[in-house]
>>> print(open('entry-v6.txt').read())   # compact mmCIF, C-alpha atoms
# COMPACT_ATOMS: atom_id res chain seq x y z
CA MET A 1 108.05 124.84 74.30
CA ASP A 2 109.11 125.32 77.94
CA ARG A 3 105.53 124.65 79.07
CA ILE A 4 105.42 121.44 77.05
CA ASN A 5 108.75 120.31 78.48
CA ASN A 6 107.58 121.14 82.01
CA LEU A 7 104.38 119.15 81.41
CA LYS A 8 106.37 116.17 80.13
CA SER A 9 108.68 116.40 83.12
CA LEU A 10 105.72 116.56 85.50
CA ILE A 11 104.09 113.49 83.97
CA PHE A 12 107.24 111.36 83.77
CA ASP A 13 108.49 112.37 87.20
CA LYS A 14 105.15 111.35 88.71
CA LYS A 15 104.44 108.42 86.41
CA GLU A 16 103.95 105.95 89.28
CA THR A 17 101.44 108.32 90.87
CA TYR A 18 99.38 108.77 87.71
CA PHE A 19 99.54 105.08 86.83
CA LEU A 20 98.21 104.20 90.28
CA PHE A 21 95.32 106.65 89.98
CA ILE A 22 94.36 105.75 86.40
CA THR A 23 94.50 102.01 87.13
CA LEU A 24 92.45 102.19 90.33
CA PHE A 25 89.90 104.84 89.35
CA GLY A 26 90.29 105.90 85.71
CA TYR A 27 87.80 103.31 84.44
CA ILE A 28 84.97 105.22 86.15
CA LEU A 29 85.28 107.94 83.51
CA ALA A 30 84.15 105.44 80.87
CA TYR A 31 81.01 104.71 82.89
CA ILE A 32 79.85 108.33 82.98
CA ASP A 33 77.07 108.66 80.41
CA PRO A 34 74.33 111.12 81.46
CA PHE A 35 73.22 111.68 77.85
CA GLU A 36 73.15 107.97 76.97
CA VAL A 37 75.67 108.35 74.17
CA LYS A 38 76.62 104.70 73.74
CA ASN A 39 79.63 104.79 71.42
CA ILE A 40 81.76 107.43 73.15
CA PRO A 41 81.88 105.74 76.60
CA HIS A 42 82.86 102.44 74.96
CA PHE A 43 85.64 104.20 73.06
CA ILE A 44 86.86 105.86 76.27
CA ASN A 45 86.74 102.53 78.10
CA LEU A 46 88.77 100.70 75.45
CA SER A 47 91.27 103.56 75.29
CA LEU A 48 91.73 103.62 79.06
CA ARG A 49 92.07 99.85 79.29
CA GLY A 50 94.58 99.94 76.46
CA VAL A 51 96.64 102.62 78.23
CA ILE A 52 96.51 100.65 81.50
CA LEU A 53 97.53 97.41 79.76
CA ILE A 54 100.48 98.98 77.95
CA SER A 55 101.50 100.89 81.09
CA SER A 56 101.33 97.67 83.09
CA ILE A 57 103.75 95.97 80.71
CA PHE A 58 106.04 99.02 80.92
CA PHE A 59 106.13 99.01 84.73
CA ILE A 60 106.61 95.25 84.95
CA ILE A 61 109.65 95.49 82.70
CA LYS A 62 110.91 98.66 84.39
CA ASN A 63 110.56 97.14 87.85
CA ILE A 64 111.92 93.70 86.99
CA GLU A 65 114.21 93.80 90.05
CA ILE A 66 111.19 94.47 92.28
CA VAL A 67 109.39 91.60 90.53
CA LYS A 68 112.24 89.35 91.61
CA GLU A 69 112.13 90.67 95.17
CA ARG A 70 108.37 90.11 95.41
CA LYS A 71 108.31 86.90 93.43
CA LEU A 72 106.53 84.86 96.10
CA ALA A 73 103.49 87.15 96.16
CA ILE A 74 103.43 87.43 92.36
CA ILE A 75 103.86 83.70 91.77
CA SER A 76 101.17 82.84 94.33
CA PHE A 77 98.71 85.14 92.53
CA LEU A 78 99.60 83.75 89.09
CA VAL A 79 99.34 80.13 90.24
CA PHE A 80 95.89 80.63 91.73
CA TYR A 81 94.65 82.73 88.83
CA GLY A 82 96.15 80.37 86.27
CA PHE A 83 94.39 77.44 87.90
CA TYR A 84 91.12 79.39 87.78
CA LEU A 85 91.65 80.13 84.06
CA ILE A 86 92.20 76.43 83.36
CA LYS A 87 88.99 75.58 85.19
CA THR A 88 87.13 78.26 83.22
CA PHE A 89 88.21 76.90 79.84
CA TYR A 90 87.33 73.42 81.07
CA THR A 91 83.87 74.71 82.01
CA PHE A 92 83.40 76.16 78.53
CA GLN A 93 84.04 72.76 76.99
CA ASN A 94 82.30 70.41 79.40
CA PHE A 95 79.25 72.11 80.95
CA TYR A 96 75.89 73.16 79.59
CA PHE A 97 75.04 76.86 79.29
CA ILE A 98 71.81 78.53 78.25
CA PRO A 99 72.64 79.49 74.65
CA SER A 100 71.29 83.04 74.97
CA THR A 101 73.70 83.83 77.83
CA PHE A 102 76.76 81.75 76.94
CA GLN A 103 78.33 84.06 74.37
CA GLU A 104 77.77 87.12 76.55
CA PHE A 105 79.48 85.39 79.48
CA LYS A 106 82.42 84.28 77.31
CA ASN A 107 82.92 87.83 76.00
CA SER A 108 82.74 89.23 79.52
CA PHE A 109 85.19 86.65 80.80
CA TYR A 110 87.70 87.23 77.98
CA TYR A 111 87.55 90.98 78.65
CA PHE A 112 87.81 90.97 82.45
CA GLY A 113 89.52 87.64 83.04
CA LEU A 114 92.26 87.98 80.44
CA ILE A 115 92.70 91.72 79.80
CA VAL A 116 91.53 93.70 82.81
CA ILE A 117 92.91 91.63 85.70
CA PRO A 118 96.19 89.65 85.25
CA LEU A 119 98.79 92.13 83.94
CA PRO A 120 97.61 95.20 85.89
CA VAL A 121 97.60 93.14 89.11
CA VAL A 122 101.21 92.04 88.51
CA ALA A 123 102.15 95.65 87.69
CA LEU A 124 100.53 96.88 90.93
CA LEU A 125 102.26 94.13 92.89
CA SER A 126 105.64 95.21 91.52
CA LEU A 127 105.15 99.00 91.57
CA ASP A 128 107.69 101.05 93.52
CA TYR A 129 105.32 102.69 96.02
CA GLN A 130 108.09 104.79 97.54
CA LYS A 131 108.09 106.76 94.27
CA VAL A 132 104.38 107.49 94.50
CA ASP A 133 103.53 111.04 95.60
CA PHE A 134 100.67 110.08 97.90
CA LYS A 135 99.82 113.68 98.78
CA LYS A 136 99.16 114.40 95.12
CA PHE A 137 97.44 111.04 94.65
CA TYR A 138 95.14 111.74 97.60
CA LYS A 139 94.18 115.18 96.28
CA ILE A 140 93.49 113.83 92.81
CA VAL A 141 91.28 111.06 94.21
CA PHE A 142 89.31 113.46 96.40
CA TRP A 143 88.67 116.06 93.71
CA PHE A 144 87.96 113.40 91.10
CA PHE A 145 85.16 111.91 93.19
CA LEU A 146 83.93 115.30 94.42
CA ILE A 147 83.54 116.56 90.85
CA ILE A 148 81.85 113.47 89.40
CA MET A 149 79.55 113.12 92.43
CA GLY A 150 78.67 116.81 92.03
CA ILE A 151 77.82 116.22 88.36
CA ASN A 152 75.83 113.16 89.33
CA SER A 153 73.77 115.21 91.81
CA LEU A 154 73.02 117.85 89.17
CA PHE A 155 71.65 115.24 86.76
CA LEU A 156 69.58 113.22 89.24
CA GLU A 157 66.28 114.97 88.63
CA LYS A 158 66.76 114.99 84.85
CA LEU A 159 67.45 111.24 84.93
CA GLY A 160 64.33 110.57 86.99
CA TYR A 161 66.40 109.71 90.08
CA ASN A 162 67.76 106.66 88.30
CA ARG A 163 69.48 104.37 90.81
CA SER A 164 72.64 104.30 88.69
CA GLY A 165 72.71 108.07 88.29
CA ILE A 166 74.91 109.29 85.46
CA PHE A 167 76.79 105.99 85.32
CA ARG A 168 76.30 103.04 82.98
CA SER A 169 77.53 100.72 85.71
CA TYR A 170 75.33 98.63 87.99
CA TYR A 171 73.57 100.63 90.72
CA ILE A 172 75.55 98.84 93.44
CA LEU A 173 78.79 100.22 92.01
CA THR A 174 77.27 103.70 91.85
CA GLY A 175 76.67 103.44 95.57
CA HIS A 176 80.29 102.41 96.08
CA TYR A 177 81.57 105.37 94.06
CA GLY A 178 79.71 107.60 96.48
CA LEU A 179 81.09 105.61 99.40
CA SER A 180 84.65 106.18 98.16
CA LEU A 181 84.13 109.95 98.44
CA VAL A 182 82.63 109.57 101.92
CA LEU A 183 85.62 107.47 103.03
CA VAL A 184 88.18 109.96 101.75
CA SER A 185 86.32 112.78 103.49
CA LEU A 186 86.04 110.91 106.81
CA PHE A 187 89.67 109.77 106.60
CA SER A 188 90.76 113.39 106.09
CA TYR A 189 88.87 114.45 109.20
CA LEU A 190 89.77 111.55 111.50
CA PHE A 191 93.34 110.69 110.50
CA LEU A 192 94.77 113.67 108.62
CA LYS A 193 93.17 116.18 111.03
CA GLU A 194 91.88 118.31 108.18
CA ARG A 195 88.72 120.23 109.09
CA GLU A 196 87.99 121.99 105.78
CA ILE A 197 84.40 122.47 104.61
CA LYS A 198 85.11 120.68 101.33
CA TYR A 199 85.14 117.39 103.23
CA ILE A 200 81.65 118.10 104.58
CA PHE A 201 80.54 118.58 100.97
CA GLY A 202 82.33 115.33 100.18
CA ILE A 203 80.30 113.42 102.76
CA ILE A 204 77.05 114.96 101.50
CA LEU A 205 77.74 114.45 97.79
CA GLY A 206 79.02 110.92 98.43
CA GLY A 207 75.98 110.09 100.53
CA ILE A 208 73.55 111.06 97.74
CA PRO A 209 74.36 108.13 95.39
CA ILE A 210 74.45 105.77 98.38
CA PHE A 211 70.87 106.83 99.18
CA PHE A 212 69.45 106.90 95.65
CA SER A 213 71.18 103.71 94.50
CA ALA A 214 69.48 102.00 97.47
CA ALA A 215 72.23 99.37 97.41
CA ARG A 216 72.81 97.66 100.73
CA SER A 217 76.44 96.73 100.16
CA PRO A 218 77.74 100.34 100.46
CA VAL A 219 75.76 100.82 103.67
CA LEU A 220 77.22 97.63 105.16
CA ALA A 221 80.72 98.61 104.04
CA LEU A 222 80.34 102.12 105.48
CA PHE A 223 79.26 100.76 108.86
CA LEU A 224 82.06 98.18 109.07
CA ILE A 225 84.76 100.57 107.86
CA PHE A 226 83.59 103.28 110.24
CA LEU A 227 83.81 100.65 112.99
CA VAL A 228 87.45 100.07 112.02
CA PHE A 229 88.00 103.86 112.04
CA LEU A 230 86.74 104.00 115.62
CA ILE A 231 88.84 101.03 116.72
CA LEU A 232 91.93 102.79 115.36
CA LYS A 233 90.99 106.15 116.91
CA ASN A 234 89.76 104.52 120.14
CA LYS A 235 88.17 107.64 121.60
CA ARG A 236 85.17 107.38 123.90
CA LYS A 237 83.24 110.26 122.30
CA TYR A 238 83.28 108.56 118.88
CA TRP A 239 81.99 105.31 120.39
CA ILE A 240 79.19 107.24 122.08
CA TYR A 241 78.29 108.95 118.80
CA LEU A 242 78.23 105.57 117.02
CA LEU A 243 76.06 103.97 119.71
CA ILE A 244 73.55 106.83 119.62
CA THR A 245 73.48 106.78 115.80
CA VAL A 246 72.96 103.01 115.62
CA VAL A 247 70.18 103.01 118.23
CA LEU A 248 68.35 105.96 116.63
CA SER A 249 68.73 104.42 113.16
CA ILE A 250 67.36 101.01 114.19
CA VAL A 251 64.44 102.58 116.10
CA SER A 252 63.62 104.88 113.16
CA LEU A 253 63.84 102.04 110.63
CA PHE A 254 61.63 99.84 112.82
CA ILE A 255 58.99 102.57 113.10
CA MET A 256 59.11 103.05 109.31
CA TYR A 257 58.85 99.31 108.78
CA LYS A 258 55.85 98.85 111.07
CA SER A 259 54.03 101.97 109.95
CA GLY A 260 54.81 101.59 106.24
CA LEU A 261 56.26 105.11 106.06
CA GLY A 262 59.28 103.97 104.04
CA GLU A 263 57.42 101.79 101.54
CA ASN A 264 57.60 104.41 98.79
CA ILE A 265 61.29 105.17 99.34
CA VAL A 266 63.44 102.48 97.76
CA PHE A 267 66.39 102.97 100.11
CA PHE A 268 64.38 102.50 103.31
CA LYS A 269 62.33 99.70 101.81
CA ARG A 270 65.40 97.65 100.85
CA ILE A 271 67.20 98.31 104.13
CA ASN A 272 64.13 97.30 106.13
CA GLU A 273 63.68 94.15 104.05
CA ALA A 274 67.28 93.18 104.74
CA ILE A 275 67.12 93.85 108.49
CA PHE A 276 63.61 92.77 109.44
CA GLU A 277 62.78 90.22 106.73
CA ARG A 278 66.26 88.87 105.99
CA ASN A 279 65.61 89.43 102.32
CA ALA A 280 68.85 89.15 100.33
CA SER A 281 67.27 89.67 96.89
CA GLY A 282 67.65 86.04 95.86
CA ARG A 283 71.33 85.73 96.82
CA ALA A 284 70.63 82.84 99.20
CA TYR A 285 69.56 80.71 96.23
CA TYR A 286 72.82 81.28 94.35
CA LEU A 287 74.89 80.93 97.51
CA ASN A 288 73.34 77.54 98.32
CA LYS A 289 73.66 76.42 94.71
CA GLY A 290 77.37 77.22 94.77
CA ILE A 291 77.82 75.32 98.02
CA ASP A 292 76.04 72.28 96.53
CA ILE A 293 78.40 72.26 93.54
CA PHE A 294 81.41 72.40 95.88
CA ILE A 295 80.06 69.56 98.05
CA ASN A 296 79.70 67.40 94.95
CA ASN A 297 83.17 68.37 93.69
CA PRO A 298 85.21 69.10 96.84
CA LEU A 299 88.75 68.66 95.56
CA PHE A 300 88.92 70.64 92.31
CA GLY A 301 85.47 72.23 92.23
CA GLY A 302 82.86 72.07 89.51
CA ARG A 303 81.76 74.65 86.97
CA VAL A 304 82.94 78.28 87.39
CA VAL A 305 79.50 79.83 86.84
CA PHE A 306 75.95 78.53 86.65
CA GLU A 307 74.27 77.64 83.38
CA ASP A 308 72.70 81.10 83.15
CA GLY A 309 76.03 82.87 83.73
CA MET A 310 75.25 83.77 87.35
CA TYR A 311 77.52 83.09 90.33
CA PRO A 312 77.24 82.60 94.12
CA HIS A 313 77.65 86.32 94.99
CA ASN A 314 80.33 85.47 97.54
CA LEU A 315 84.01 85.30 96.71
CA PHE A 316 84.89 82.41 99.01
CA VAL A 317 81.96 80.27 97.89
CA ASP A 318 82.84 81.19 94.30
CA ILE A 319 86.39 79.95 94.83
CA LEU A 320 85.22 76.70 96.42
CA MET A 321 82.61 76.11 93.72
CA SER A 322 85.02 76.87 90.87
CA THR A 323 88.31 75.46 92.09
CA GLY A 324 87.53 73.36 95.18
CA LEU A 325 89.81 72.91 98.16
CA VAL A 326 92.88 73.01 95.92
CA GLY A 327 91.92 76.46 94.63
CA MET A 328 91.06 77.71 98.11
CA ILE A 329 94.47 76.65 99.41
CA LEU A 330 96.17 78.44 96.51
CA PHE A 331 94.08 81.55 97.15
CA ILE A 332 94.89 81.54 100.88
CA ILE A 333 98.61 81.34 100.08
CA TYR A 334 98.24 84.54 98.03
CA PHE A 335 95.76 86.24 100.34
CA LYS A 336 98.15 85.77 103.28
CA PHE A 337 100.34 88.50 101.72
CA VAL A 338 97.34 90.82 101.54
CA VAL A 339 96.35 90.22 105.16
CA GLN A 340 99.90 90.72 106.46
CA SER A 341 100.28 94.04 104.66
CA PHE A 342 96.75 95.16 105.56
CA ILE A 343 97.49 94.63 109.26
CA LYS A 344 100.81 96.44 108.91
CA VAL A 345 99.12 99.47 107.33
CA LEU A 346 96.44 99.62 110.04
CA LYS A 347 99.02 99.32 112.82
CA ASN A 348 101.01 102.17 111.27
CA ILE A 349 98.11 104.22 109.92
CA LYS A 350 99.61 107.51 111.17
CA LYS A 351 102.94 106.83 109.47
CA TYR A 352 101.30 105.84 106.20
CA LYS A 353 99.40 109.15 106.18
CA GLU A 354 97.54 109.69 102.88
CA SER A 355 98.46 106.26 101.54
CA GLY A 356 96.53 104.71 104.43
CA ILE A 357 93.22 105.42 102.67
CA LEU A 358 94.04 102.59 100.26
CA ALA A 359 93.59 100.07 103.08
CA PHE A 360 90.00 101.21 103.46
CA PHE A 361 89.36 101.17 99.71
CA PHE A 362 90.52 97.56 99.80
CA LEU A 363 88.23 96.80 102.73
CA GLN A 364 85.35 98.44 100.87
CA TYR A 365 85.70 96.17 97.87
CA PHE A 366 86.52 93.13 100.00
CA ILE A 367 83.10 93.58 101.60
CA LEU A 368 81.52 94.04 98.16
CA VAL A 369 82.85 90.70 96.87
CA GLN A 370 81.25 88.94 99.85
CA THR A 371 77.79 90.09 98.75
CA SER A 372 77.89 90.75 95.00
CA GLY A 373 81.24 89.88 93.47
CA ASN A 374 82.92 87.05 91.63
CA ILE A 375 86.44 85.99 90.70
CA TYR A 376 86.67 87.10 87.08
CA SER A 377 84.97 90.51 87.07
CA SER A 378 85.64 91.98 90.54
CA PHE A 379 88.85 93.62 89.38
CA GLU A 380 88.66 96.30 92.10
CA PHE A 381 89.22 93.62 94.74
CA TRP A 382 92.27 92.25 92.93
CA TYR A 383 93.68 95.73 92.22
CA PHE A 384 93.38 97.06 95.76
CA GLY A 385 94.63 93.77 97.21
CA ALA A 386 97.76 94.06 95.07
CA VAL A 387 98.23 97.68 96.17
CA ILE A 388 97.97 96.68 99.84
CA ILE A 389 100.73 94.10 99.32
CA GLY A 390 102.83 96.80 97.68
CA LEU A 391 102.28 99.21 100.58
CA GLY A 392 103.56 96.52 102.91
CA TYR A 393 106.96 96.77 101.25
CA ILE A 394 107.35 100.47 102.06
CA ASN A 395 110.13 101.31 104.49
CA LEU A 396 108.73 103.26 107.45
CA THR A 397 110.68 105.75 109.54
CA ASN A 398 109.39 107.35 112.70
CA GLU A 399 107.55 110.11 110.92
CA GLU A 400 107.28 109.53 107.21
CA ILE A 401 107.49 107.28 104.20
CA LYS A 402 110.84 107.66 102.50
CA SER A 403 112.51 106.21 99.41
CA ASN A 404 115.57 104.83 101.20
CA ASP A 405 115.57 101.76 98.99
CA SER A 406 114.70 102.34 95.34
CA ARG A 407 113.47 98.77 95.05
CA GLY A 408 110.91 99.34 97.79
CA ASN A 409 112.06 96.41 99.92
CA THR A 410 110.20 95.77 103.12
CA THR A 411 111.68 96.12 106.62
CA GLY A 412 111.05 92.52 107.49
CA ASP A 413 107.29 92.11 107.74
CA HIS A 414 107.23 89.51 104.97
>>> encode(input="entry-v6.txt", output="C-alpha cells")
Amino acid sequence: MDRINNLKSLIFDKKETYFLFITLFGYILAYIDPFEVKNIPHFINLSLRGVILISSIFFIIKNIEIVKERKLAIISFLVFYGFYLIKTFYTFQNFYFIPSTFQEFKNSFYYFGLIVIPLPVVALLSLDYQKVDFKKFYKIVFWFFLIIMGINSLFLEKLGYNRSGIFRSYYILTGHYGLSLVLVSLFSYLFLKEREIKYIFGIILGGIPIFFSAARSPVLALFLIFLVFLILKNKRKYWIYLLITVVLSIVSLFIMYKSGLGENIVFFKRINEAIFERNASGRAYYLNKGIDIFINNPLFGGRVVFEDGMYPHNLFVDILMSTGLVGMILFIIYFKFVVQSFIKVLKNIKKYKESGILAFFFLQYFILVQTSGNIYSSFEFWYFGAVIIGLGYINLTNEEIKSNDSRGNTTGDH
C-alpha cells in the first residue's frame, strides 16, 4: 500500500512534468510497429490522444489564473486558428476535391485539426513551467529516444533497411526522431558540460535513422541548429571544426556525385540531387501552386488544400494560400510571442539549463514545416511553439529557474 501511495504521490507531484513529456513525445509510442500489428498501435494512439485531451482540459481549468495572465497569447492563437477552421469548412463546401481523396482528407483534418491541436496547445500555453522538473524531464526524453532508437537499430536488417524503420510514420519524421536524440546528446555536451559515453551512443543511434531515412529535412535542421549552437558557444575551435567538416563533406559529396559512387545509397543520392541538381522532389510545383492561389485571392486566401489533398509544403505559403493577408497578419500577431520567448531563451541559455533544449526542438520542427509541413497536421510545430511561449514566462534568477510566482508570471519580457 505504501508503494502505491508513493507512486501516486510521485505522479501527482510531477504531473506537469509528465504531461509535458507525454504531450510532446508520447505519440511516438503509437507509431512503433516493427511487427506490423495494425490494431494495437491504433489503440495505443487513440488512448494516448484521449489522455492528452482530458489532461489538457484538466490543466486549462486548473491554471485558469495563468490563462487570464497569458490571455493575449492564447487569444491570438485561437483567433488565427479559428479563422483557419472557418476557411477549412468553407473549402469543404465550395471547392472541388478528387472523390477518392476527399474523405481521407476530411478524416485527417477532423482528427488533427479539431482533436490533436487546439486544446493541447492552449494547455501548453497556460502550463505552469516553474512546476516542471526539467532535470527529470530531460532524463526521460534522453532515455526515451535512446531506447527506441536502439530498438530501431536492432530491427533495421529484419525490416530490409526500411526508410521508416520500426515506425508507421512517414520516413521524414523517422529522421527527425533520430535528430531529436542527436540534439539532446549534443546539447548535453555543449551546454550542460556532460561528457558521458551515453551521449556518444546517443549521437550514433540518432544518426542511424537520419542516414537510413534519407530525408533531407533532418540534415538541414541539424546543420542550422548546430550553427546556432556554435553562435551561442562562440568558440574558435568549434568554428574551425565546422568549417573543416563542411568543406570535406561538400568535396566528398561532389566526388560521389561526379563518379556515381553514391548512386546506390539513397541518402547520398538524395543529398546530391538536392545540392547539385536542386531537386526538391516535386515541392516546387506545390509551392508555386500555393503562391498562385494566394495571388488570385490575396485578402482572405483561397482553398486550404489542393484538390488532391496536397499542400504547398511551406507553412508561410500555406497560410497565405489558405487565409490570405488577413490570416498572415493574425498568425504574425501570435508568432510574435513565440519569437520573443525564443530569443529570451537563447539569450539566457545557461540559466534555462535543461529546459533550453526545448528551444532547439522548436527550431527543429520550425524548419520541418518550411519544407514538408502544413497548418492542420504539423502539431509538433504548434506544441513546441506554445512551450516556448510558456518558457518565456519563467522568472530567472542569476543561477537557476525558481518558482517564486506560482502563476509563472514573466519578469517583463512580454
>>> closest_atom_pairs(input="entry-v6.txt", of="region 347-381 of chain A", to="region 120-130 of chain A", cutoff="12 Å", atoms="all atoms listed in the file", output="JSON lines")
{"residue": "A:Tyr352", "atom": "CA", "partner": "A:Gln130", "partner_atom": "CA", "distance": 11.1}
{"residue": "A:Ser355", "atom": "CA", "partner": "A:Tyr129", "partner_atom": "CA", "distance": 9.5}
{"residue": "A:Phe379", "atom": "CA", "partner": "A:Val121", "partner_atom": "CA", "distance": 8.8}
{"residue": "A:Glu380", "atom": "CA", "partner": "A:Val121", "partner_atom": "CA", "distance": 9.9}
{"residue": "A:Phe381", "atom": "CA", "partner": "A:Val121", "partner_atom": "CA", "distance": 10.1}
>>> residues_around(input="entry-v6.txt", residues="Gly327 (chain A)", least_positions_apart="4", cutoff="12 Å", atoms="all atoms listed in the file", output="PyMOL selection string")
chain A and resi 76-87+294+297-302+304+316-323+331-335+375
>>> closest_residue(input="entry-v6.txt", among="A:Pro218, A:Gly392, A:Gly262, A:Gly26", to="Lys347 (chain A)", atoms="all atoms listed in the file")
A:Gly392
>>> residues_near_point(input="entry-v6.txt", point="(78.2, 102.0, 89.4)", cutoff="9 Å", atoms="all atoms listed in the file", output="PDB file with C-alpha atoms, keeping the file's coordinate frame")
ATOM      1  CA  ILE A  28      84.970 105.220  86.150  1.00  0.00           C
ATOM      2  CA  TYR A  31      81.010 104.710  82.890  1.00  0.00           C
ATOM      3  CA  SER A 164      72.640 104.300  88.690  1.00  0.00           C
ATOM      4  CA  GLY A 165      72.710 108.070  88.290  1.00  0.00           C
ATOM      5  CA  ILE A 166      74.910 109.290  85.460  1.00  0.00           C
ATOM      6  CA  PHE A 167      76.790 105.990  85.320  1.00  0.00           C
ATOM      7  CA  ARG A 168      76.300 103.040  82.980  1.00  0.00           C
ATOM      8  CA  SER A 169      77.530 100.720  85.710  1.00  0.00           C
ATOM      9  CA  TYR A 170      75.330  98.630  87.990  1.00  0.00           C
ATOM     10  CA  TYR A 171      73.570 100.630  90.720  1.00  0.00           C
ATOM     11  CA  ILE A 172      75.550  98.840  93.440  1.00  0.00           C
ATOM     12  CA  LEU A 173      78.790 100.220  92.010  1.00  0.00           C
ATOM     13  CA  THR A 174      77.270 103.700  91.850  1.00  0.00           C
ATOM     14  CA  GLY A 175      76.670 103.440  95.570  1.00  0.00           C
ATOM     15  CA  HIS A 176      80.290 102.410  96.080  1.00  0.00           C
ATOM     16  CA  TYR A 177      81.570 105.370  94.060  1.00  0.00           C
ATOM     17  CA  SER A 213      71.180 103.710  94.500  1.00  0.00           C
TER      18      SER A 213
END
>>> residues_around(input="entry-v6.txt", residues="region 237-253 of chain A", least_positions_apart="2", cutoff="9 Å", atoms="only C-alpha atoms", output="number ranges by chain")
A: 226-227, 230-231, 233-235, 255-258, 262, 268, 271-272
>>> residues_around(input="entry-v6.txt", residues="Leu24 (chain A)", least_positions_apart="3", cutoff="9 Å", atoms="all atoms listed in the file", output="number ranges by chain")
A: 19-21, 27, 380, 383-384
>>> atom_distance(input="entry-v6.txt", atom1="CA of Leu29 (chain A)", atom2="CA of Ile148 (chain A)")
8.8 Å
>>> atom_distance(input="entry-v6.txt", atom1="CA of Ala30 (chain A)", atom2="CA of Ser377 (chain A)")
16.2 Å
>>> closest_residue(input="entry-v6.txt", among="A:Ile394, A:Ile57, A:Ile293, A:Arg70", to="Lys351 (chain A)", atoms="all atoms listed in the file")
A:Ile394
>>> closest_atom_pairs(input="entry-v6.txt", of="region 157-244 of chain A", to="region 362-365 of chain A", cutoff="10 Å", atoms="only C-alpha atoms", output="Markdown table")
| residue | atom | partner | partner_atom | distance |
| --- | --- | --- | --- | --- |
| A:Leu173 | CA | A:Tyr365 | CA | 9.9 |
| A:His176 | CA | A:Gln364 | CA | 8.0 |
| A:Leu179 | CA | A:Gln364 | CA | 8.5 |
| A:Ser180 | CA | A:Gln364 | CA | 8.2 |
| A:Leu183 | CA | A:Gln364 | CA | 9.3 |
| A:Ser217 | CA | A:Gln364 | CA | 9.1 |
| A:Pro218 | CA | A:Gln364 | CA | 7.9 |
| A:Leu220 | CA | A:Gln364 | CA | 9.2 |
| A:Ala221 | CA | A:Gln364 | CA | 5.6 |
| A:Leu222 | CA | A:Gln364 | CA | 7.7 |
| A:Leu224 | CA | A:Gln364 | CA | 8.8 |
| A:Ile225 | CA | A:Leu363 | CA | 7.3 |
| A:Val228 | CA | A:Leu363 | CA | 9.9 |
>>> write_last_selection(input="entry-v6.txt", atoms="C-alpha atoms", output="mmCIF file, in the frame of the given file")
data_model
loop_
_atom_site.group_PDB
_atom_site.id
_atom_site.type_symbol
_atom_site.label_atom_id
_atom_site.label_comp_id
_atom_site.auth_asym_id
_atom_site.auth_seq_id
_atom_site.Cartn_x
_atom_site.Cartn_y
_atom_site.Cartn_z
ATOM 1 C CA LEU A 173 78.790 100.220 92.010
ATOM 2 C CA HIS A 176 80.290 102.410 96.080
ATOM 3 C CA LEU A 179 81.090 105.610 99.400
ATOM 4 C CA SER A 180 84.650 106.180 98.160
ATOM 5 C CA LEU A 183 85.620 107.470 103.030
ATOM 6 C CA SER A 217 76.440 96.730 100.160
ATOM 7 C CA PRO A 218 77.740 100.340 100.460
ATOM 8 C CA LEU A 220 77.220 97.630 105.160
ATOM 9 C CA ALA A 221 80.720 98.610 104.040
ATOM 10 C CA LEU A 222 80.340 102.120 105.480
ATOM 11 C CA LEU A 224 82.060 98.180 109.070
ATOM 12 C CA ILE A 225 84.760 100.570 107.860
ATOM 13 C CA VAL A 228 87.450 100.070 112.020
#
>>> atom_distance(input="entry-v6.txt", atom1="CA of Lys353 (chain A)", atom2="CA of Gln370 (chain A)")
27.9 Å
>>> closest_residue(input="entry-v6.txt", among="A:Phe187, A:Leu325, A:Gly202, A:Val51", to="Lys350 (chain A)", atoms="all atoms listed in the file")
A:Phe187
